[in-house]
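Q: See final_5.cif below, with mmCIF, C-alpha atoms.
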data_data
#
loop_
_atom_site.label_atom_id
_atom_site.label_comp_id
_atom_site.auth_asym_id
_atom_site.auth_seq_id
_atom_site.Cartn_x
_atom_site.Cartn_y
_atom_site.Cartn_z
CA MET A 171 12.88 -30.44 -23.10
CA ASP A 172 10.20 -32.95 -23.92
CA SER A 173 7.37 -31.36 -25.86
CA ILE A 174 4.69 -32.75 -23.52
CA VAL A 175 6.53 -31.36 -20.49
CA THR A 176 6.86 -28.01 -22.26
CA ALA A 177 3.16 -27.87 -23.12
CA ALA A 178 2.14 -28.94 -19.63
CA SER A 179 4.44 -26.32 -18.09
CA VAL A 180 3.00 -23.53 -20.20
CA VAL A 181 -0.58 -24.56 -19.40
CA ALA A 182 0.25 -24.90 -15.71
CA ALA A 183 1.92 -21.48 -15.69
CA GLY A 184 -1.16 -19.87 -17.17
CA LEU A 185 -3.43 -21.62 -14.72
CA ALA A 186 -1.22 -20.68 -11.77
CA VAL A 187 -1.31 -16.98 -12.60
CA GLY A 188 -4.93 -16.91 -13.75
CA LEU A 189 -6.50 -18.88 -10.93
CA GLY A 190 -4.17 -17.42 -8.33
CA ALA A 191 -5.14 -13.86 -9.22
CA ILE A 192 -8.91 -14.30 -8.91
CA GLY A 193 -9.21 -14.34 -5.14
CA PRO A 194 -6.71 -11.58 -4.34
CA GLY A 195 -8.17 -9.46 -7.12
CA ILE A 196 -11.66 -9.62 -5.63
CA GLY A 197 -10.30 -9.06 -2.13
CA GLN A 198 -8.14 -6.09 -3.13
CA GLY A 199 -11.01 -4.51 -4.99
CA SER A 200 -13.35 -4.68 -2.02
CA ALA A 201 -10.60 -3.52 0.35
CA ALA A 202 -9.80 -0.50 -1.83
CA GLN A 203 -13.51 0.31 -2.09
CA GLY A 204 -13.90 0.19 1.68
CA ALA A 205 -10.81 2.32 2.19
CA VAL A 206 -11.92 5.01 -0.22
CA GLU A 207 -15.36 5.12 1.37
CA GLY A 208 -13.78 5.31 4.81
CA ILE A 209 -11.47 8.16 3.78
CA ALA A 210 -14.42 10.03 2.28
CA ARG A 211 -16.41 9.63 5.50
CA GLN A 212 -13.58 10.33 7.91
CA PRO A 213 -10.77 12.33 6.30
CA GLU A 214 -9.10 12.75 9.70
CA ALA A 215 -8.48 8.97 9.82
CA GLU A 216 -6.87 8.88 6.37
CA GLY A 217 -3.41 7.99 7.66
CA LYS A 218 -4.64 5.02 9.67
CA ILE A 219 -6.85 3.80 6.85
CA ARG A 220 -4.00 3.99 4.34
CA GLY A 221 -1.66 2.20 6.74
CA THR A 222 -4.13 -0.61 7.31
CA LEU A 223 -4.71 -0.81 3.56
CA LEU A 224 -0.96 -1.08 2.95
CA LEU A 225 -0.63 -3.97 5.40
CA SER A 226 -3.67 -5.82 4.05
CA PHE A 227 -2.59 -5.30 0.42
CA ALA A 228 0.90 -6.58 1.17
CA PHE A 229 -0.52 -9.77 2.67
CA MET A 230 -3.17 -10.21 -0.02
CA GLU A 231 -0.89 -9.59 -2.96
CA SER A 232 1.59 -12.18 -1.76
CA LEU A 233 -0.93 -14.82 -2.87
CA THR A 234 -0.73 -13.46 -6.39
CA ILE A 235 3.05 -13.38 -6.14
CA TYR A 236 3.17 -17.06 -5.15
CA GLY A 237 1.26 -18.00 -8.30
CA LEU A 238 3.41 -15.66 -10.37
CA VAL A 239 6.62 -17.15 -9.02
CA VAL A 240 5.42 -20.72 -9.66
CA ALA A 241 4.53 -19.74 -13.22
CA LEU A 242 7.87 -18.04 -13.81
CA VAL A 243 9.79 -20.98 -12.37
CA LEU A 244 7.87 -23.32 -14.67
CA LEU A 245 8.66 -21.12 -17.65
CA PHE A 246 12.25 -20.08 -17.01
CA ALA A 247 13.75 -22.49 -14.45
CA ASN A 248 11.71 -25.62 -14.96
CA PRO A 249 12.81 -28.39 -12.59
CA PHE A 250 11.09 -31.03 -14.72
CA ALA A 251 13.03 -30.19 -17.85
CA GLY A 252 15.26 -33.03 -18.82
CA MET B 131 -22.96 17.41 15.44
CA GLN B 132 -20.65 20.12 14.20
CA ARG B 133 -20.82 18.68 10.71
CA ASP B 134 -24.61 18.75 10.83
CA SER B 135 -24.62 22.43 11.75
CA GLU B 136 -22.12 23.22 8.97
CA TYR B 137 -24.30 21.35 6.54
CA LEU B 138 -27.37 23.27 7.65
CA LEU B 139 -25.51 26.58 7.37
CA ALA B 140 -24.28 25.74 3.90
CA SER B 141 -27.74 24.69 2.74
CA SER B 142 -29.49 27.80 4.08
CA LEU B 143 -27.29 30.29 2.20
CA PRO B 144 -28.42 29.51 -1.37
CA GLN B 145 -32.02 30.09 -0.25
CA SER B 146 -31.16 33.59 0.95
CA ASN B 147 -29.43 34.28 -2.35
CA ALA B 148 -32.39 33.02 -4.34
CA SER B 149 -34.75 35.50 -2.68
CA PRO B 150 -32.71 38.43 -1.47
CA PRO B 151 -34.26 40.75 1.10
CA GLU B 152 -35.28 44.22 0.04
CA GLY B 153 -33.79 47.59 0.96
CA GLY B 154 -31.17 47.77 3.66
CA GLU B 155 -31.26 44.02 4.19
CA ASP B 156 -29.29 43.64 1.01
CA ARG B 157 -26.12 44.80 2.64
CA LEU B 158 -26.76 42.43 5.52
CA GLY B 159 -27.07 39.60 3.02
CA GLY B 160 -23.78 40.63 1.51
CA SER B 161 -22.09 40.57 4.88
CA ARG B 162 -23.51 37.10 5.47
CA ASP B 163 -21.98 35.99 2.20
CA SER B 164 -18.58 37.29 3.20
CA SER B 165 -18.79 35.59 6.60
CA SER B 166 -19.75 32.31 4.96
CA PHE B 167 -16.79 32.74 2.62
CA ASP B 168 -14.55 33.16 5.65
CA GLU B 169 -16.01 30.07 7.26
CA SER B 170 -15.54 27.99 4.15
CA THR B 171 -11.95 29.22 3.86
CA LEU B 172 -11.44 28.25 7.49
CA ASP B 173 -12.95 24.83 6.81
CA LEU B 174 -10.61 24.33 3.87
CA GLU B 175 -7.62 25.29 6.01
CA LEU B 176 -8.71 22.90 8.74
CA SER B 177 -9.23 20.05 6.29
CA GLY B 178 -5.83 20.82 4.80
CA GLU B 179 -4.25 20.51 8.25
CA VAL B 180 -6.08 17.25 8.86
CA ASN B 181 -4.93 15.98 5.48
CA LEU B 182 -1.32 16.94 6.22
CA ALA B 183 -1.45 15.23 9.61
CA ALA B 184 -2.88 12.07 8.03
CA LEU B 185 -0.21 12.09 5.32
CA GLU B 186 2.49 12.54 7.94
CA GLU B 187 1.05 9.60 9.91
CA TYR B 188 1.13 7.42 6.79
CA ALA B 189 4.70 8.49 5.99
CA GLN B 190 5.75 7.67 9.55
CA LEU B 191 4.20 4.21 9.27
CA GLN B 192 6.10 3.64 6.02
CA ARG B 193 9.35 4.76 7.62
CA SER B 194 8.92 2.41 10.56
CA ILE B 195 8.01 -0.51 8.26
CA PHE B 196 11.09 0.08 6.10
CA THR B 197 13.32 0.41 9.14
CA THR B 198 12.03 -2.91 10.50
CA ALA B 199 12.45 -4.53 7.08
CA LEU B 200 16.03 -3.26 6.81
CA VAL B 201 16.86 -4.61 10.26
CA VAL B 202 15.38 -8.01 9.38
CA THR B 203 17.29 -8.00 6.08
CA VAL B 204 20.63 -7.21 7.70
CA LEU B 205 20.02 -9.82 10.41
CA SER B 206 19.11 -12.55 7.94
CA PHE B 207 22.04 -11.64 5.66
CA THR B 208 24.47 -11.89 8.57
CA LEU B 209 23.02 -15.16 9.84
CA GLY B 210 23.03 -16.62 6.31
CA ALA B 211 26.63 -15.59 5.72
CA LEU B 212 27.70 -17.06 9.07
CA PHE B 213 25.83 -20.34 9.03
CA VAL B 214 25.05 -21.25 5.40
CA GLY B 215 27.34 -19.59 2.90
CA ILE B 216 28.15 -16.39 1.11
CA GLN B 217 26.33 -17.30 -2.12
CA PHE B 218 23.17 -18.09 -0.17
CA SER B 219 23.36 -14.79 1.67
CA ILE B 220 24.01 -12.77 -1.50
CA SER B 221 20.94 -14.33 -3.13
CA LEU B 222 19.01 -13.62 0.06
CA LEU B 223 20.15 -10.01 0.00
CA VAL B 224 19.15 -9.54 -3.64
CA GLY B 225 15.72 -10.99 -2.90
CA ALA B 226 15.30 -8.87 0.22
CA LEU B 227 16.23 -5.68 -1.65
CA SER B 228 13.69 -6.63 -4.34
CA GLY B 229 11.10 -7.10 -1.61
CA LEU B 230 11.88 -3.63 -0.26
CA ILE B 231 11.49 -2.10 -3.72
CA TYR B 232 8.20 -3.98 -4.13
CA LEU B 233 6.94 -2.70 -0.79
CA ARG B 234 8.00 0.86 -1.63
CA LEU B 235 6.13 0.76 -4.93
CA LEU B 236 3.06 -0.72 -3.22
CA ALA B 237 3.12 2.00 -0.56
CA ARG B 238 3.45 4.69 -3.21
CA ASN B 239 0.53 3.30 -5.21
CA ILE B 240 -1.64 3.08 -2.09
CA GLY B 241 -0.68 6.68 -1.29
CA LYS B 242 -2.01 7.71 -4.70
CA LEU B 243 -5.34 5.91 -4.18
CA GLY B 244 -8.23 8.33 -4.15
CA LYS B 245 -6.10 11.31 -5.21
CA SER B 246 -4.71 10.71 -8.67
CA SER B 247 -5.99 7.19 -9.32
CA LYS B 248 -9.11 5.21 -8.52
CA THR B 249 -7.42 1.82 -8.36
CA VAL B 250 -4.18 0.50 -6.93
CA SER B 251 -1.70 0.00 -9.74
CA LYS B 252 -0.03 -3.37 -10.32
CA VAL B 253 3.36 -2.02 -11.37
CA GLN B 254 4.93 -3.49 -8.24
CA LEU B 255 4.28 -7.01 -9.54
CA LEU B 256 7.02 -6.42 -12.11
CA VAL B 257 9.59 -6.63 -9.32
CA PRO B 258 9.22 -10.41 -8.64
CA VAL B 259 9.08 -10.99 -12.41
CA MET B 260 12.38 -9.16 -12.86
CA LEU B 261 13.83 -11.02 -9.87
CA VAL B 262 12.99 -14.48 -11.27
CA LEU B 263 14.23 -13.45 -14.73
CA ALA B 264 17.51 -12.23 -13.21
CA ILE B 265 17.89 -15.48 -11.27
CA SER B 266 17.33 -17.52 -14.40
CA ARG B 267 19.97 -15.47 -16.28
CA LEU B 268 22.62 -15.16 -13.56
CA PRO B 269 24.19 -18.41 -12.35
CA GLN B 270 25.55 -16.69 -9.22
CA LEU B 271 22.05 -16.36 -7.78
CA ASP B 272 19.97 -19.19 -6.36
CA LEU B 273 16.21 -19.31 -6.66
CA LEU B 274 15.17 -20.50 -3.21
CA PRO B 275 17.21 -18.04 -1.08
CA ALA B 276 16.19 -15.17 -3.32
CA LEU B 277 12.51 -16.04 -2.92
CA ILE B 278 12.98 -16.40 0.84
CA GLY B 279 14.64 -12.97 0.83
CA PHE B 280 11.81 -11.52 -1.22
CA ILE B 281 9.19 -12.53 1.33
CA LEU B 282 11.25 -11.16 4.23
CA TYR B 283 9.03 -8.07 4.15
CA LYS B 284 6.19 -10.13 5.57
CA PRO B 285 7.81 -10.81 8.96
CA SER B 286 8.67 -7.11 9.04
CA LEU B 287 5.01 -6.23 8.53
CA ALA B 288 3.96 -8.74 11.18
CA LEU B 289 6.53 -7.26 13.58
CA GLN B 290 5.25 -3.78 12.79
CA VAL B 291 1.65 -4.77 13.55
CA PHE B 292 2.82 -6.45 16.77
CA PHE B 293 4.76 -3.38 17.95
CA GLU B 294 1.91 -1.06 17.05
CA SER B 295 -0.70 -3.09 18.95
CA ARG B 296 1.66 -3.34 21.91
CA SER B 297 2.22 0.41 22.03
CA ARG B 298 -1.54 0.98 21.79
CA LEU B 299 -2.16 -1.40 24.67
CA SER B 300 0.51 0.23 26.81
CA SER B 301 -0.81 3.73 26.11
#
Write out the structure in this file as structure tokens.
A:
Amino acid sequence: MDSIVTAASVVAAGLAVGLGAIGPGIGQGSAAQGAVEGIARQPEAEGKIRGTLLLSFAFMESLTIYGLVVALVLLFANPFAG
Amino acid sequence: MQRDSEYLLASSLPQSNASPPEGGEDRLGGSRDSSSFDESTLDLELSGEVNLAALEEYAQLQRSIFTTALVVTVLSFTLGALFVGIQFSISLLVGALSGLIYLRLLARNIGKLGKSSKTVSKVQLLVPVMLVLAISRLPQLDLLPALIGFILYKPSLALQVFFESRSRLSS
């Protein structure tokens, strides 16, 4: 592999994971905070709150996974490698 | 309203302990203490039942999500094997099973939230990492079908939300 392509792939992989994790990280943190507060206020609604949290986490974390997959493809299965 | 009265009852008892009545009232105070102990035990039992019911509700939601995801996986595997090819469908199946493992780990970590941990763990993110590493090592697996299989849990979740809202509307 060309050294410039290698360097660019490594930098792009880091950026993909790093930048892609900022938004979901903030969102998951606030969602978990809201869920814990809700469970503390209404313990009888714990099942529904946890279920909603599971669904929202699964959709939020997929954004992180997209960045992770792009980074891993760039590192281990790079389509630009000659 | 009931919570307010419980709160008032709980806050009035320490005051009676701080300045106990004299003479025969002492025994009455003691009986009050025992009744409050009974009430608090009852409250704990009730909260335990509520907690168990909530946990059962969460477990039932997980079961229905995994059932839907399994049905979607089997359907997509069959359609892929029929219309595209067996290698495509095997990669799809591997990705879909990884997605199920990921979802199981996520559900377990969310179940622990607030009990044994304050944050949701990120262990489940190791599953896509292992999947991509396995794809890069094994030439029998293709990247694109495996990634499509991995995100097959999302239509299952969407279907689950759809069914749930429909059942709520009908009831």
Q: Could I get the residues of chain B with an atom no further than 6 Å from an atom of chain A, each paired with its nearest atom pair and that distance in Å to one decimal, using all atoms listed in the file, sorted by chain and residue number, as a Markdown table?
A:
| residue | atom | partner | partner_atom | distance |
| --- | --- | --- | --- | --- |
| B:Val180 | CA | A:Glu214 | CA | 5.5 |
| B:Ala184 | CA | A:Gly217 | CA | 4.1 |
| B:Leu185 | CA | A:Gly217 | CA | 5.7 |
| B:Glu187 | CA | A:Gly217 | CA | 5.2 |
| B:Tyr188 | CA | A:Gly217 | CA | 4.7 |
Q: Rounded to one decimal, what separation in Å do you get between atom CA of A:Ile196 and atom CA of A:Gly237?
A: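 These atoms are spaced 15.6 Å apart.
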Q: By how many Å are atom CA of B:Lys284 and atom CA of B:Lys242 apart?
A: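 Separating atom CA of B:Lys284 from atom CA of B:Lys242 is a distance of 22.2 Å.
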Q: Between atom CA of B:Ile216 and atom CA of B:Ala264, what distance in Å does the model show, to one decimal?
A: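 Separation of atom CA of B:Ile216 and atom CA of B:Ala264: 18.3 Å.
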Q: Evaluated on this file, the PyMOL selection byres ((chain B and resi 218) around 9) picks out some residues - which ones are they, written as a PyMOL selection string?
A: chain B and resi 207+210-211+214-217+219-223+271-272+274-276
Q: To test your reading of the syntax: which residues would the PyMOL selection byres ((chain A and resi 185) around 12) return for the file shown? Reply as a PDB file with C-alpha atoms, keeping the file's coordinate frame.
A:
ATOM      1  CA  ALA A 178       2.140 -28.940 -19.630  1.00  0.00           C
ATOM      2  CA  SER A 179       4.440 -26.320 -18.090  1.00  0.00           C
ATOM      3  CA  VAL A 180       3.000 -23.530 -20.200  1.00  0.00           C
ATOM      4  CA  VAL A 181      -0.580 -24.560 -19.400  1.00  0.00           C
ATOM      5  CA  ALA A 182       0.250 -24.900 -15.710  1.00  0.00           C
ATOM      6  CA  ALA A 183       1.920 -21.480 -15.690  1.00  0.00           C
ATOM      7  CA  GLY A 184      -1.160 -19.870 -17.170  1.00  0.00           C
ATOM      8  CA  ALA A 186      -1.220 -20.680 -11.770  1.00  0.00           C
ATOM      9  CA  VAL A 187      -1.310 -16.980 -12.600  1.00  0.00           C
ATOM     10  CA  GLY A 188      -4.930 -16.910 -13.750  1.00  0.00           C
ATOM     11  CA  LEU A 189      -6.500 -18.880 -10.930  1.00  0.00           C
ATOM     12  CA  GLY A 190      -4.170 -17.420  -8.330  1.00  0.00           C
ATOM     13  CA  ALA A 191      -5.140 -13.860  -9.220  1.00  0.00           C
ATOM     14  CA  ILE A 192      -8.910 -14.300  -8.910  1.00  0.00           C
ATOM     15  CA  THR A 234      -0.730 -13.460  -6.390  1.00  0.00           C
ATOM     16  CA  GLY A 237       1.260 -18.000  -8.300  1.00  0.00           C
ATOM     17  CA  LEU A 238       3.410 -15.660 -10.370  1.00  0.00           C
ATOM     18  CA  VAL A 240       5.420 -20.720  -9.660  1.00  0.00           C
ATOM     19  CA  ALA A 241       4.530 -19.740 -13.220  1.00  0.00           C
ATOM     20  CA  LEU A 242       7.870 -18.040 -13.810  1.00  0.00           C
ATOM     21  CA  LEU A 244       7.870 -23.320 -14.670  1.00  0.00           C
TER      22      LEU A 244
END
